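**Q** Contents of structure.pdb (PDB, C-alpha atoms) are given next:
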MODEL        1
ATOM      1  CA  VAL U   1     -10.622 -51.351  12.186
ATOM      2  CA  TYR U   2     -14.394 -51.286  12.597
ATOM      3  CA  CYS U   3     -16.060 -53.798  14.895
ATOM      4  CA  CYS U   4     -19.746 -54.296  15.691
ATOM      5  CA  GLY U   5     -21.089 -56.638  18.361
ATOM      6  CA  GLY U   6     -24.357 -58.518  18.407
ATOM      7  CA  GLY U   7     -26.131 -60.730  15.923
ATOM      8  CA  ALA U   8     -27.695 -64.155  16.210
ATOM      9  CA  GLY U   9     -24.486 -65.817  17.276
ATOM     10  CA  GLY U  10     -23.657 -63.084  19.769
ATOM     11  CA  GLY U  11     -20.274 -62.512  18.090
ATOM     12  CA  ASP U  12     -18.784 -59.834  15.871
ATOM     13  CA  VAL U  13     -20.572 -59.375  12.561
ATOM     14  CA  ALA U  14     -18.118 -56.850  11.010
ATOM     15  CA  ARG U  15     -14.368 -56.652  11.321
ATOM     16  CA  SER U  16     -11.675 -54.843   9.329
ATOM     17  CA  PHE U  17     -14.272 -52.626   7.682
ATOM     18  CA  LEU U  18     -11.734 -50.440   5.832
ATOM     19  CA  LYS U  19      -9.925 -53.409   4.304
ATOM     20  CA  LYS U  20     -13.186 -54.653   2.830
ATOM     21  CA  ASN U  21     -14.158 -51.211   1.460
ATOM     22  CA  LYS U  22     -11.027 -49.982  -0.329
ATOM     23  CA  ASP U  23     -12.863 -48.282  -3.228
ATOM     24  CA  GLU U  24      -9.877 -48.991  -5.424
ATOM     25  CA  LEU U  25      -9.534 -47.451  -8.868
ATOM     26  CA  HIS U  26      -9.199 -49.749 -11.824
ATOM     27  CA  ALA U  27      -5.538 -50.190 -12.729
ATOM     28  CA  LYS U  28      -6.030 -48.859 -16.288
ATOM     29  CA  LEU U  29      -8.209 -45.878 -15.333
ATOM     30  CA  PRO U  30      -5.364 -43.487 -14.240
ATOM     31  CA  ALA U  31      -3.387 -44.325 -17.411
ATOM     32  CA  LEU U  32      -6.463 -43.677 -19.537
ATOM     33  CA  MET U  33      -7.117 -40.281 -17.915
ATOM     34  CA  ALA U  34      -3.409 -39.357 -18.154
ATOM     35  CA  ALA U  35      -3.680 -39.785 -21.926
ATOM     36  CA  SER U  36      -6.484 -37.214 -22.146
ATOM     37  CA  ARG U  37      -6.153 -34.388 -24.683
ATOM     38  CA  TRP U  38      -7.261 -31.902 -22.006
ATOM     39  CA  PRO U  39      -4.174 -30.561 -20.126
ATOM     40  CA  PHE U  40      -6.041 -30.077 -16.852
ATOM     41  CA  VAL U  41      -7.338 -33.667 -16.734
ATOM     42  CA  ARG U  42      -3.996 -35.043 -17.928
ATOM     43  CA  ASP U  43      -2.073 -33.206 -15.170
ATOM     44  CA  LEU U  44      -4.416 -34.567 -12.503
ATOM     45  CA  PHE U  45      -3.586 -38.195 -13.364
ATOM     46  CA  LEU U  46       0.032 -38.060 -14.594
ATOM     47  CA  ALA U  47       1.611 -38.708 -11.179
ATOM     48  CA  ARG U  48      -0.994 -41.324 -10.349
ATOM     49  CA  ALA U  49      -0.445 -43.121 -13.664
ATOM     50  CA  ALA U  50       3.315 -43.179 -13.094
ATOM     51  CA  ASP U  51       2.817 -44.914  -9.754
ATOM     52  CA  SER U  52       2.576 -48.646 -10.256
ATOM     53  CA  ARG U  53       0.854 -49.164  -6.923
ATOM     54  CA  ARG U  54      -2.912 -49.288  -6.731
ATOM     55  CA  GLY U  55      -3.888 -46.257  -4.662
ATOM     56  CA  GLU U  56      -6.930 -46.171  -2.473
ATOM     57  CA  VAL U  57      -9.481 -43.356  -2.673
ATOM     58  CA  ALA U  58      -9.370 -42.770   1.073
ATOM     59  CA  ARG U  59      -5.563 -42.492   1.065
ATOM     60  CA  GLN U  60      -5.599 -40.126  -1.909
ATOM     61  CA  PHE U  61      -8.273 -37.999  -0.255
ATOM     62  CA  ALA U  62      -6.224 -37.801   2.979
ATOM     63  CA  ALA U  63      -3.096 -36.769   1.045
ATOM     64  CA  SER U  64      -5.078 -34.114  -0.830
ATOM     65  CA  MET U  65      -6.528 -32.735   2.418
ATOM     66  CA  LYS U  66      -3.063 -32.644   3.988
ATOM     67  CA  GLU U  67      -1.721 -30.652   1.038
ATOM     68  CA  LEU U  68      -4.683 -28.283   1.288
ATOM     69  CA  THR U  69      -4.179 -27.688   5.018
ATOM     70  CA  GLU U  70      -0.456 -27.009   4.465
ATOM     71  CA  THR U  71      -1.330 -24.448   1.783
ATOM     72  CA  LEU U  72      -3.888 -22.780   4.057
ATOM     73  CA  ALA U  73      -1.420 -22.715   6.966
ATOM     74  CA  ALA U  74       1.113 -20.854   4.817
ATOM     75  CA  THR U  75      -1.365 -18.046   4.009
ATOM     76  CA  ASP U  76      -3.315 -15.440   5.953
ATOM     77  CA  GLN U  77      -6.797 -16.333   7.122
ATOM     78  CA  HIS U  78      -9.702 -14.565   5.433
ATOM     79  CA  PHE U  79     -13.457 -14.741   5.816
ATOM     80  CA  ILE U  80     -15.116 -16.327   2.750
ATOM     81  CA  ARG U  81     -18.831 -16.722   2.195
ATOM     82  CA  CYS U  82     -20.358 -18.214  -0.956
ATOM     83  CA  ILE U  83     -23.432 -16.370  -2.239
ATOM     84  CA  LYS U  84     -25.908 -17.662  -4.819
ATOM     85  CA  PRO U  85     -26.259 -14.834  -7.384
ATOM     86  CA  ASN U  86     -29.565 -15.924  -8.965
ATOM     87  CA  ASP U  87     -32.049 -18.790  -9.233
ATOM     88  CA  ARG U  88     -31.706 -19.085 -13.009
ATOM     89  CA  ARG U  89     -28.154 -20.517 -12.980
ATOM     90  CA  THR U  90     -26.937 -17.904 -15.471
ATOM     91  CA  PRO U  91     -23.457 -16.336 -15.242
ATOM     92  CA  PHE U  92     -22.895 -12.624 -14.501
ATOM     93  CA  ASP U  93     -26.530 -12.199 -13.470
ATOM     94  CA  PHE U  94     -26.987 -10.855  -9.921
ATOM     95  CA  ASP U  95     -30.394 -10.716  -8.312
ATOM     96  CA  GLU U  96     -30.038  -7.783  -5.904
ATOM     97  CA  ALA U  97     -32.862  -8.826  -3.569
ATOM     98  CA  LEU U  98     -31.666 -12.448  -3.419
ATOM     99  CA  VAL U  99     -28.045 -11.470  -2.747
ATOM    100  CA  ARG U 100     -29.011  -8.913  -0.088
ATOM    101  CA  SER U 101     -31.228 -11.462   1.676
ATOM    102  CA  GLN U 102     -28.377 -13.992   1.784
ATOM    103  CA  LEU U 103     -25.893 -11.401   3.088
ATOM    104  CA  GLN U 104     -28.267 -10.421   5.860
ATOM    105  CA  SER U 105     -29.289 -13.962   6.833
ATOM    106  CA  CYS U 106     -25.673 -15.211   6.850
ATOM    107  CA  GLY U 107     -24.520 -12.320   9.047
ATOM    108  CA  VAL U 108     -22.027 -10.958   6.519
ATOM    109  CA  LEU U 109     -23.265  -7.372   6.815
ATOM    110  CA  ALA U 110     -23.218  -7.549  10.611
ATOM    111  CA  ALA U 111     -19.679  -8.968  10.563
ATOM    112  CA  ALA U 112     -18.559  -6.172   8.226
ATOM    113  CA  CYS U 113     -20.052  -3.551  10.551
ATOM    114  CA  VAL U 114     -18.300  -5.094  13.564
ATOM    115  CA  ALA U 115     -14.989  -5.192  11.707
ATOM    116  CA  GLN U 116     -15.421  -1.590  10.577
ATOM    117  CA  ALA U 117     -16.157  -0.423  14.115
ATOM    118  CA  GLY U 118     -13.255  -2.342  15.653
ATOM    119  CA  PHE U 119      -9.692  -3.102  14.596
ATOM    120  CA  PRO U 120      -9.837  -5.511  11.643
ATOM    121  CA  TYR U 121      -6.137  -5.046  10.802
ATOM    122  CA  ARG U 122      -4.115  -7.389  13.010
ATOM    123  CA  ARG U 123      -0.442  -8.218  12.481
ATOM    124  CA  THR U 124       2.371  -9.339  14.748
ATOM    125  CA  PHE U 125       5.183  -6.873  15.408
ATOM    126  CA  LEU U 126       7.644  -9.217  13.708
ATOM    127  CA  SER U 127       5.504  -9.551  10.563
ATOM    128  CA  MET U 128       4.924  -5.797  10.258
ATOM    129  CA  LEU U 129       8.610  -4.965  10.768
ATOM    130  CA  ASP U 130       9.516  -7.583   8.167
ATOM    131  CA  ASP U 131       7.083  -6.081   5.619
ATOM    132  CA  PHE U 132       8.570  -2.583   6.057
ATOM    133  CA  ARG U 133      12.173  -3.520   6.883
ATOM    134  CA  ASP U 134      13.521  -1.198   4.163
ATOM    135  CA  LEU U 135      12.397   1.723   6.356
ATOM    136  CA  LEU U 136      14.626   0.503   9.198
ATOM    137  CA  THR U 137      18.339   0.919   9.707
ATOM    138  CA  LEU U 138      20.562  -2.146   9.946
ATOM    139  CA  GLU U 139      20.718  -1.760  13.724
ATOM    140  CA  GLU U 140      16.917  -1.567  13.931
ATOM    141  CA  GLN U 141      16.576  -4.633  11.681
ATOM    142  CA  ARG U 142      18.956  -6.530  13.965
ATOM    143  CA  LEU U 143      16.826  -5.576  16.966
ATOM    144  CA  ALA U 144      13.646  -6.519  15.099
ATOM    145  CA  TRP U 145      14.805 -10.125  14.721
ATOM    146  CA  GLY U 146      16.984 -10.591  17.774
ATOM    147  CA  GLY U 147      15.521  -8.099  20.235
ATOM    148  CA  SER U 148      12.766  -8.379  22.783
ATOM    149  CA  ALA U 149       9.032  -7.846  22.298
ATOM    150  CA  ALA U 150       9.309  -4.449  24.022
ATOM    151  CA  GLU U 151      11.965  -3.305  21.528
ATOM    152  CA  ARG U 152       9.835  -4.460  18.594
ATOM    153  CA  LYS U 153       6.845  -2.652  20.062
ATOM    154  CA  ALA U 154       8.878   0.547  20.341
ATOM    155  CA  MET U 155      10.017   0.271  16.708
ATOM    156  CA  VAL U 156       6.437  -0.313  15.478
ATOM    157  CA  ARG U 157       5.263   2.729  17.434
ATOM    158  CA  LYS U 158       8.127   4.755  15.914
ATOM    159  CA  LEU U 159       7.148   3.701  12.378
ATOM    160  CA  LEU U 160       3.476   4.560  12.910
ATOM    161  CA  THR U 161       4.411   7.915  14.455
ATOM    162  CA  GLN U 162       6.706   8.756  11.542
ATOM    163  CA  ALA U 163       3.885   7.862   9.152
ATOM    164  CA  GLY U 164       1.635  10.411  10.881
ATOM    165  CA  PHE U 165      -0.998   8.107  12.426
ATOM    166  CA  ALA U 166      -2.917   9.285  15.472
ATOM    167  CA  ASP U 167      -3.113   7.153  18.627
ATOM    168  CA  GLU U 168      -6.811   6.418  18.055
ATOM    169  CA  ASP U 169      -6.047   4.802  14.677
ATOM    170  CA  TYR U 170      -4.273   1.815  16.240
ATOM    171  CA  GLN U 171      -3.590  -0.060  19.458
ATOM    172  CA  LEU U 172      -0.450  -1.989  20.397
ATOM    173  CA  GLY U 173      -0.748  -5.230  22.319
ATOM    174  CA  ARG U 174       2.030  -7.358  23.767
ATOM    175  CA  THR U 175       2.968  -8.960  20.438
ATOM    176  CA  MET U 176       0.512  -7.562  17.846
ATOM    177  CA  VAL U 177      -0.615  -4.250  16.366
ATOM    178  CA  PHE U 178      -4.364  -3.679  15.921
ATOM    179  CA  GLY U 179      -5.506  -1.060  13.422
ATOM    180  CA  SER U 180      -8.649   0.421  11.978
ATOM    181  CA  ALA U 181      -9.980  -0.547   8.557
ATOM    182  CA  GLY U 182      -7.624   0.440   5.761
ATOM    183  CA  LEU U 183      -4.651   0.923   8.080
ATOM    184  CA  GLU U 184      -2.463  -1.438   6.041
ATOM    185  CA  ALA U 185      -3.156   0.383   2.757
ATOM    186  CA  GLN U 186      -2.714   3.809   4.387
ATOM    187  CA  PHE U 187       0.527   2.749   6.047
ATOM    188  CA  ALA U 188       1.829   1.314   2.756
ATOM    189  CA  GLU U 189       1.064   4.644   1.048
ATOM    190  CA  ARG U 190       2.722   6.680   3.775
ATOM    191  CA  ALA U 191       5.660   4.273   3.834
ATOM    192  CA  ARG U 192       6.055   4.930   0.108
ATOM    193  CA  GLU U 193       6.099   8.677   0.839
ATOM    194  CA  LEU U 194       8.757   8.094   3.520
ATOM    195  CA  ARG U 195      10.846   6.114   1.033
ATOM    196  CA  GLU U 196      10.540   8.867  -1.575
ATOM    197  CA  ARG U 197      11.536  11.490   0.997
ATOM    198  CA  ARG U 198      14.558   9.449   2.060
ATOM    199  CA  GLU U 199      15.520   8.893  -1.582
ATOM    200  CA  ALA U 200      15.274  12.662  -2.189
ATOM    201  CA  ASP U 201      17.535  13.292   0.809
ATOM    202  CA  GLU U 202      20.003  10.726  -0.517
ATOM    203  CA  ARG U 203      20.014  12.375  -3.944
ATOM    204  CA  ALA U 204      20.628  15.745  -2.286
ATOM    205  CA  ARG U 205      23.606  14.295  -0.411
ATOM    206  CA  GLN U 206      24.932  12.829  -3.656
ATOM    207  CA  ARG U 207      24.604  16.218  -5.362
ATOM    208  CA  GLU U 208      26.555  17.787  -2.497
ATOM    209  CA  ALA U 209      29.280  15.165  -2.925
ATOM    210  CA  GLU U 210      29.361  15.836  -6.654
ATOM    211  CA  ALA U 211      29.557  19.567  -5.970
ATOM    212  CA  MET U 212      32.559  18.989  -3.701
ATOM    213  CA  SER U 213      34.250  16.992  -6.467
ATOM    214  CA  ALA U 214      33.588  19.815  -8.933
ATOM    215  CA  GLU U 215      35.158  22.299  -6.491
ATOM    216  CA  GLN U 216      38.255  20.135  -6.314
ATOM    217  CA  LYS U 217      38.387  19.975 -10.111
ATOM    218  CA  ALA U 218      38.131  23.784 -10.283
ATOM    219  CA  ARG U 219      40.983  24.067  -7.807
ATOM    220  CA  LEU U 220      43.163  21.793  -9.939
ATOM    221  CA  ALA U 221      42.350  23.831 -13.078
ATOM    222  CA  GLU U 222      43.296  27.057 -11.277
ATOM    223  CA  MET U 223      46.619  25.560 -10.189
ATOM    224  CA  GLU U 224      47.280  24.380 -13.752
ATOM    225  CA  ARG U 225      46.648  27.903 -15.020
ATOM    226  CA  GLU U 226      48.998  29.381 -12.437
ATOM    227  CA  ARG U 227      51.709  26.899 -13.410
ATOM    228  CA  GLU U 228      51.335  27.780 -17.083
ATOM    229  CA  GLU U 229      51.594  31.485 -16.240
ATOM    230  CA  ALA U 230      54.762  30.777 -14.228
ATOM    231  CA  HIS U 231      56.323  28.893 -17.160
ATOM    232  CA  ALA U 232      55.393  31.693 -19.542
ATOM    233  CA  ALA U 233      57.025  34.223 -17.230
ATOM    234  CA  MET U 234      60.120  32.008 -17.125
ATOM    235  CA  LEU U 235      60.361  31.948 -20.925
ATOM    236  CA  ALA U 236      59.828  35.702 -21.164
ATOM    237  CA  ALA U 237      62.586  36.309 -18.629
ATOM    238  CA  ALA U 238      64.952  33.965 -20.503
ATOM    239  CA  GLU U 239      64.730  36.157 -23.598
ATOM    240  CA  ALA U 240      66.203  39.155 -21.782
ATOM    241  CA  ALA U 241      70.027  39.444 -21.725
ATOM    242  CA  THR U 242      70.445  41.694 -18.747
ATOM    243  CA  VAL U 243      71.415  40.575 -15.264
ATOM    244  CA  ASP U 244      68.091  41.777 -13.984
ATOM    245  CA  ALA U 245      66.334  39.660 -16.562
ATOM    246  CA  GLU U 246      68.427  36.624 -15.593
ATOM    247  CA  LYS U 247      67.523  37.220 -11.951
ATOM    248  CA  ARG U 248      63.835  37.356 -12.839
ATOM    249  CA  ARG U 249      64.295  34.177 -14.898
ATOM    250  CA  LEU U 250      65.769  32.347 -11.928
ATOM    251  CA  GLU U 251      62.941  33.561  -9.696
ATOM    252  CA  ALA U 252      60.395  32.470 -12.284
ATOM    253  CA  GLU U 253      62.026  29.028 -12.515
ATOM    254  CA  ALA U 254      61.958  28.662  -8.746
ATOM    255  CA  GLU U 255      58.295  29.709  -8.642
ATOM    256  CA  ALA U 256      57.461  27.299 -11.484
ATOM    257  CA  ARG U 257      59.193  24.439  -9.687
ATOM    258  CA  ALA U 258      57.322  25.321  -6.498
ATOM    259  CA  LYS U 259      54.029  25.286  -8.404
ATOM    260  CA  ASP U 260      54.936  21.915  -9.937
ATOM    261  CA  ALA U 261      55.713  20.493  -6.512
ATOM    262  CA  GLU U 262      52.487  21.893  -5.026
ATOM    263  CA  LEU U 263      50.445  20.469  -7.915
ATOM    264  CA  GLU U 264      51.987  17.021  -7.600
ATOM    265  CA  ALA U 265      51.493  17.055  -3.835
ATOM    266  CA  THR U 266      47.840  18.022  -4.249
ATOM    267  CA  ARG U 267      47.288  15.294  -6.826
ATOM    268  CA  ALA U 268      48.922  12.711  -4.578
ATOM    269  CA  ALA U 269      46.751  13.803  -1.621
ATOM    270  CA  MET U 270      43.585  13.600  -3.733
ATOM    271  CA  GLN U 271      44.562  10.172  -5.054
ATOM    272  CA  GLN U 272      45.177   8.964  -1.515
ATOM    273  CA  GLU U 273      41.809  10.365  -0.395
ATOM    274  CA  LEU U 274      40.112   8.599  -3.324
ATOM    275  CA  GLU U 275      41.738   5.296  -2.394
ATOM    276  CA  GLU U 276      40.709   5.735   1.230
ATOM    277  CA  ARG U 277      37.119   6.395   0.167
ATOM    278  CA  ARG U 278      37.149   3.279  -1.999
ATOM    279  CA  ALA U 279      38.573   1.221   0.865
ATOM    280  CA  ALA U 280      35.917   2.636   3.218
ATOM    281  CA  ALA U 281      33.180   1.865   0.675
ATOM    282  CA  ASP U 282      34.464  -1.716   0.283
ATOM    283  CA  ALA U 283      34.598  -2.125   4.060
ATOM    284  CA  ALA U 284      31.067  -0.715   4.398
ATOM    285  CA  GLU U 285      29.811  -3.092   1.707
ATOM    286  CA  ALA U 286      31.486  -6.034   3.429
ATOM    287  CA  GLN U 287      29.998  -4.968   6.767
ATOM    288  CA  ARG U 288      26.569  -4.582   5.147
ATOM    289  CA  ALA U 289      26.822  -8.083   3.662
ATOM    290  CA  ALA U 290      27.894  -9.457   7.048
ATOM    291  CA  ASP U 291      25.036  -7.625   8.775
ATOM    292  CA  GLU U 292      22.528  -8.955   6.248
ATOM    293  CA  ALA U 293      23.878 -12.490   6.709
ATOM    294  CA  ALA U 294      23.646 -12.113  10.499
ATOM    295  CA  LEU U 295      20.138 -10.672  10.131
ATOM    296  CA  GLU U 296      19.049 -13.603   7.976
ATOM    297  CA  GLU U 297      20.534 -16.057  10.473
ATOM    298  CA  ALA U 298      18.751 -14.306  13.336
ATOM    299  CA  ARG U 299      15.516 -14.420  11.361
ATOM    300  CA  ARG U 300      15.848 -18.167  10.786
ATOM    301  CA  GLU U 301      16.654 -18.733  14.461
ATOM    302  CA  GLU U 302      13.614 -16.690  15.493
ATOM    303  CA  GLU U 303      11.358 -18.647  13.129
ATOM    304  CA  ALA U 304      12.773 -21.930  14.434
ATOM    305  CA  ARG U 305      12.238 -20.753  18.007
ATOM    306  CA  LEU U 306       8.635 -19.732  17.297
ATOM    307  CA  LEU U 307       7.964 -23.059  15.562
ATOM    308  CA  GLU U 308       9.447 -24.993  18.483
ATOM    309  CA  ALA U 309       7.371 -22.960  20.959
ATOM    310  CA  ALA U 310       4.215 -23.653  18.946
ATOM    311  CA  GLN U 311       5.009 -27.371  18.863
ATOM    312  CA  ARG U 312       5.625 -27.433  22.613
ATOM    313  CA  GLN U 313       2.348 -25.599  23.227
ATOM    314  CA  ARG U 314       0.472 -28.028  20.971
ATOM    315  CA  ALA U 315       2.042 -31.010  22.776
ATOM    316  CA  ALA U 316       1.107 -29.497  26.148
ATOM    317  CA  GLU U 317      -2.492 -28.983  25.009
ATOM    318  CA  GLU U 318      -2.694 -32.570  23.792
ATOM    319  CA  GLN U 319      -1.335 -33.843  27.115
ATOM    320  CA  ALA U 320      -3.846 -31.664  28.959
ATOM    321  CA  ARG U 321      -6.733 -33.074  26.894
ATOM    322  CA  ALA U 322      -5.624 -36.674  27.329
ATOM    323  CA  PRO U 323      -6.892 -37.076  30.966
ATOM    324  CA  ALA U 324     -10.211 -35.462  30.067
ATOM    325  CA  GLN U 325     -10.663 -37.842  27.147
ATOM    326  CA  LYS U 326      -9.848 -40.839  29.362
ATOM    327  CA  GLY U 327     -12.380 -39.641  31.925
ATOM    328  CA  ALA U 328     -15.019 -39.221  29.223
ATOM    329  CA  ARG U 329     -14.395 -42.749  28.005
TER     330      ARG U 329
ENDMDL
END
Using structure tokens, write down the structure from this file.
**A**
Amino acid sequence: VYCCGGGAGGGDVARSFLKKNKDELHAKLPALMAASRWPFVRDLFLARAADSRRGEVARQFAASMKELTETLAATDQHFIRCIKPNDRRTPFDFDEALVRSQLQSCGVLAAACVAQAGFPYRRTFLSMLDDFRDLLTLEEQRLAWGGSAAERKAMVRKLLTQAGFADEDYQLGRTMVFGSAGLEAQFAERARELRERREADERARQREAEAMSAEQKARLAEMEREREEAHAAMLAAAEAATVDAEKRRLEAEAEARAKDAELEATRAAMQQELEERRAAADAAEAQRAADEAALEEARREEEARLLEAAQRQRAAEEQARAPAQKGAR
């Protein structure tokens, strides 16, 4: 409501200013624009044409600004400066002297020098650990989301040390890491090297496991060969008719049966070991899924806690400004 005092009669000369200045769109205008053959224009007015209510320009502008602020709040803040490329209004035509003069007068070059000399890279411990969580163990990920700020700080320092950064390349605050220009790109590159090295180590361990399996297969083949030799000796002894030959045949049969028993026992032991490994792998997978679920829950709780803390801080600031505003009035 807008009120203004004064006038010849000494009373109010304007009241309910917004109600008298609605700037309403014509009812048929949104439907007309929604029928445009240009997709961009049509998409702008489809939702408005579907709404039977007569929207006000001020209300639509406020809703658009709210959507814009929500989009900006969900992204990282960056410094943007618009520069006029030339005075001729032609595309892809840059006047070097004009652009340089604008950069100098607007302070862009000075800001770039300050950022280069300081620590332009600034991220919270939680955000950095979340970006490079695949370099952490499950226990470290659990600490990253549910641990204290000191534990997160220690893990960030560990990551930067493993990546080979010197102490002068970064500084650690209470909740944030400050780095020199290009630290994020350099850390991403070195993190990729760490991943490749870990993947190479994992492949080496897999090759060792495969080599152990091949050794077991060779052992089984050797035992099969020995059993076949024992059976051949048994058949050769059975062909002889002498008592000595019969004795050798009985010994060969006993040895063959012993080899059969040893082979079956070895196969049973290997089958049991394989089943135990499968059970352990299933248990590890179940534990990993449970740990990931717990990690995700801890992450949501941490985000909710941070949001609640921010809301409380905002409410406290508004309460602190309220007395000052009353005094000013």
**Q** Record the distance separating CA of Leu159 (chain U) and CA of Leu135 (chain U), expressed in Å with one decimal.
**A**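 These atoms are spaced 8.2 Å apart.
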**Q** Go through the shown structure with the PyMOL selection byres ((chain U and resi 34) around 8) and write out the matching residues as JSON, numbers by chain.
**A** {"U": [30, 31, 32, 33, 35, 36, 41, 42, 43, 44, 45, 46, 49]}
**Q** On this file, the PyMOL selection byres ((chain U and resi 123) around 7) gives some set of residues; write that set as an mmCIF file with C-alpha atoms, in the frame of the given file.
**A**
data_model
loop_
_atom_site.group_PDB
_atom_site.id
_atom_site.type_symbol
_atom_site.label_atom_id
_atom_site.label_comp_id
_atom_site.auth_asym_id
_atom_site.auth_seq_id
_atom_site.Cartn_x
_atom_site.Cartn_y
_atom_site.Cartn_z
ATOM 1 C CA TYR U 121 -6.137 -5.046 10.802
ATOM 2 C CA ARG U 122 -4.115 -7.389 13.010
ATOM 3 C CA THR U 124 2.371 -9.339 14.748
ATOM 4 C CA PHE U 125 5.183 -6.873 15.408
ATOM 5 C CA SER U 127 5.504 -9.551 10.563
ATOM 6 C CA MET U 128 4.924 -5.797 10.258
ATOM 7 C CA MET U 176 0.512 -7.562 17.846
ATOM 8 C CA VAL U 177 -0.615 -4.250 16.366
ATOM 9 C CA PHE U 178 -4.364 -3.679 15.921
#
**Q** Which residue gives the smallest distance to Glu264 (chain U) among U:Leu220, U:Ser101, U:Phe119, U:Pro91, with only C-alpha atoms counted?
**A**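 The closest residue to Glu264 (chain U) is U:Leu220.
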**Q** Hey, can I get the axis-aligned box for region 245-257 of chain U? All listed atoms, 6 Å padding on each side, centre and edge lengths in Å to one decimal, as lines of an AutoDock Vina configuration file.
**A**
center_x = 62.9
center_y = 32.0
center_z = -12.6
size_x = 23.0
size_y = 27.2
size_z = 19.9
**Q** Apply the PyMOL selection byres ((chain U and resi 180) around 6) to the structure shown and report the selected residues as a ChimeraX atom specification.
**A** /U:119,169,179,181,183
**Q** Those residues you just picked out, can you put them in a file as a tab-separated table (two decimals), in the coordinates of the input with C-alpha atoms?
**A**
chain	number	residue	atom	x	y	z
U	119	PHE	CA	-9.69	-3.10	14.60
U	169	ASP	CA	-6.05	4.80	14.68
U	179	GLY	CA	-5.51	-1.06	13.42
U	181	ALA	CA	-9.98	-0.55	8.56
U	183	LEU	CA	-4.65	0.92	8.08
**Q** Can you tell me how far CA of Glu139 (chain U) sits from CA of Glu273 (chain U), in Å to one decimal?
**A** 28.1 Å
**Q** Name the closest residue to Leu136 (chain U) among the candidates U:Ala310, U:Leu72, U:Met155, U:Ala286; distances are taken between atoms, counting only C-alpha atoms.
**A**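 Counting only C-alpha atoms, the residue closest to Leu136 (chain U) is U:Met155.
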**Q** Hey, which of U:Lys153, U:Arg278, U:Arg227, U:Arg59 ends up closest to Ala256 (chain U)? Count all atoms listed in the file.
**A**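 The answer is U:Arg227, which sits nearest to Ala256 (chain U).
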**Q** Mind giving me the straight-line distance from CA of Arg89 (chain U) to CA of Gln102 (chain U) in Å, one decimal?
**A** 16.1 Å
**Q** Kindly indicate which residue among U:Ser148, U:Ser105, U:Thr175, U:Gln311 lies nearest to Arg81 (chain U), using all atoms listed in the file for the distances.
**A**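 When distances to Arg81 (chain U) are compared using all atoms listed in the file, the smallest one comes from U:Ser105.
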**Q** Check the smallest atom-to-atom distance from each of U:Val156, U:Ala58, U:Met223, U:Ala294 to Asp260 (chain U) using all atoms listed in the file, then report the winner.
**A**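 Using all atoms listed in the file, Asp260 (chain U) sits closest to U:Met223.
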**Q** If we count only C-alpha atoms, what is near Val99 (chain U) at a cut-off of 12 Å, once residues fewer than 5 positions away on the same chain are taken out, given as a PDB file with C-alpha atoms, keeping the file's coordinate frame?
**A**
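Final file, selection.pdb:
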ATOM      1  CA  ARG U  81     -18.831 -16.722   2.195  1.00  0.00           C
ATOM      2  CA  CYS U  82     -20.358 -18.214  -0.956  1.00  0.00           C
ATOM      3  CA  ILE U  83     -23.432 -16.370  -2.239  1.00  0.00           C
ATOM      4  CA  LYS U  84     -25.908 -17.662  -4.819  1.00  0.00           C
ATOM      5  CA  PRO U  85     -26.259 -14.834  -7.384  1.00  0.00           C
ATOM      6  CA  ASN U  86     -29.565 -15.924  -8.965  1.00  0.00           C
ATOM      7  CA  ASP U  87     -32.049 -18.790  -9.233  1.00  0.00           C
ATOM      8  CA  ASP U  93     -26.530 -12.199 -13.470  1.00  0.00           C
ATOM      9  CA  PHE U  94     -26.987 -10.855  -9.921  1.00  0.00           C
ATOM     10  CA  GLN U 104     -28.267 -10.421   5.860  1.00  0.00           C
ATOM     11  CA  SER U 105     -29.289 -13.962   6.833  1.00  0.00           C
ATOM     12  CA  CYS U 106     -25.673 -15.211   6.850  1.00  0.00           C
ATOM     13  CA  VAL U 108     -22.027 -10.958   6.519  1.00  0.00           C
ATOM     14  CA  LEU U 109     -23.265  -7.372   6.815  1.00  0.00           C
TER      15      LEU U 109
END
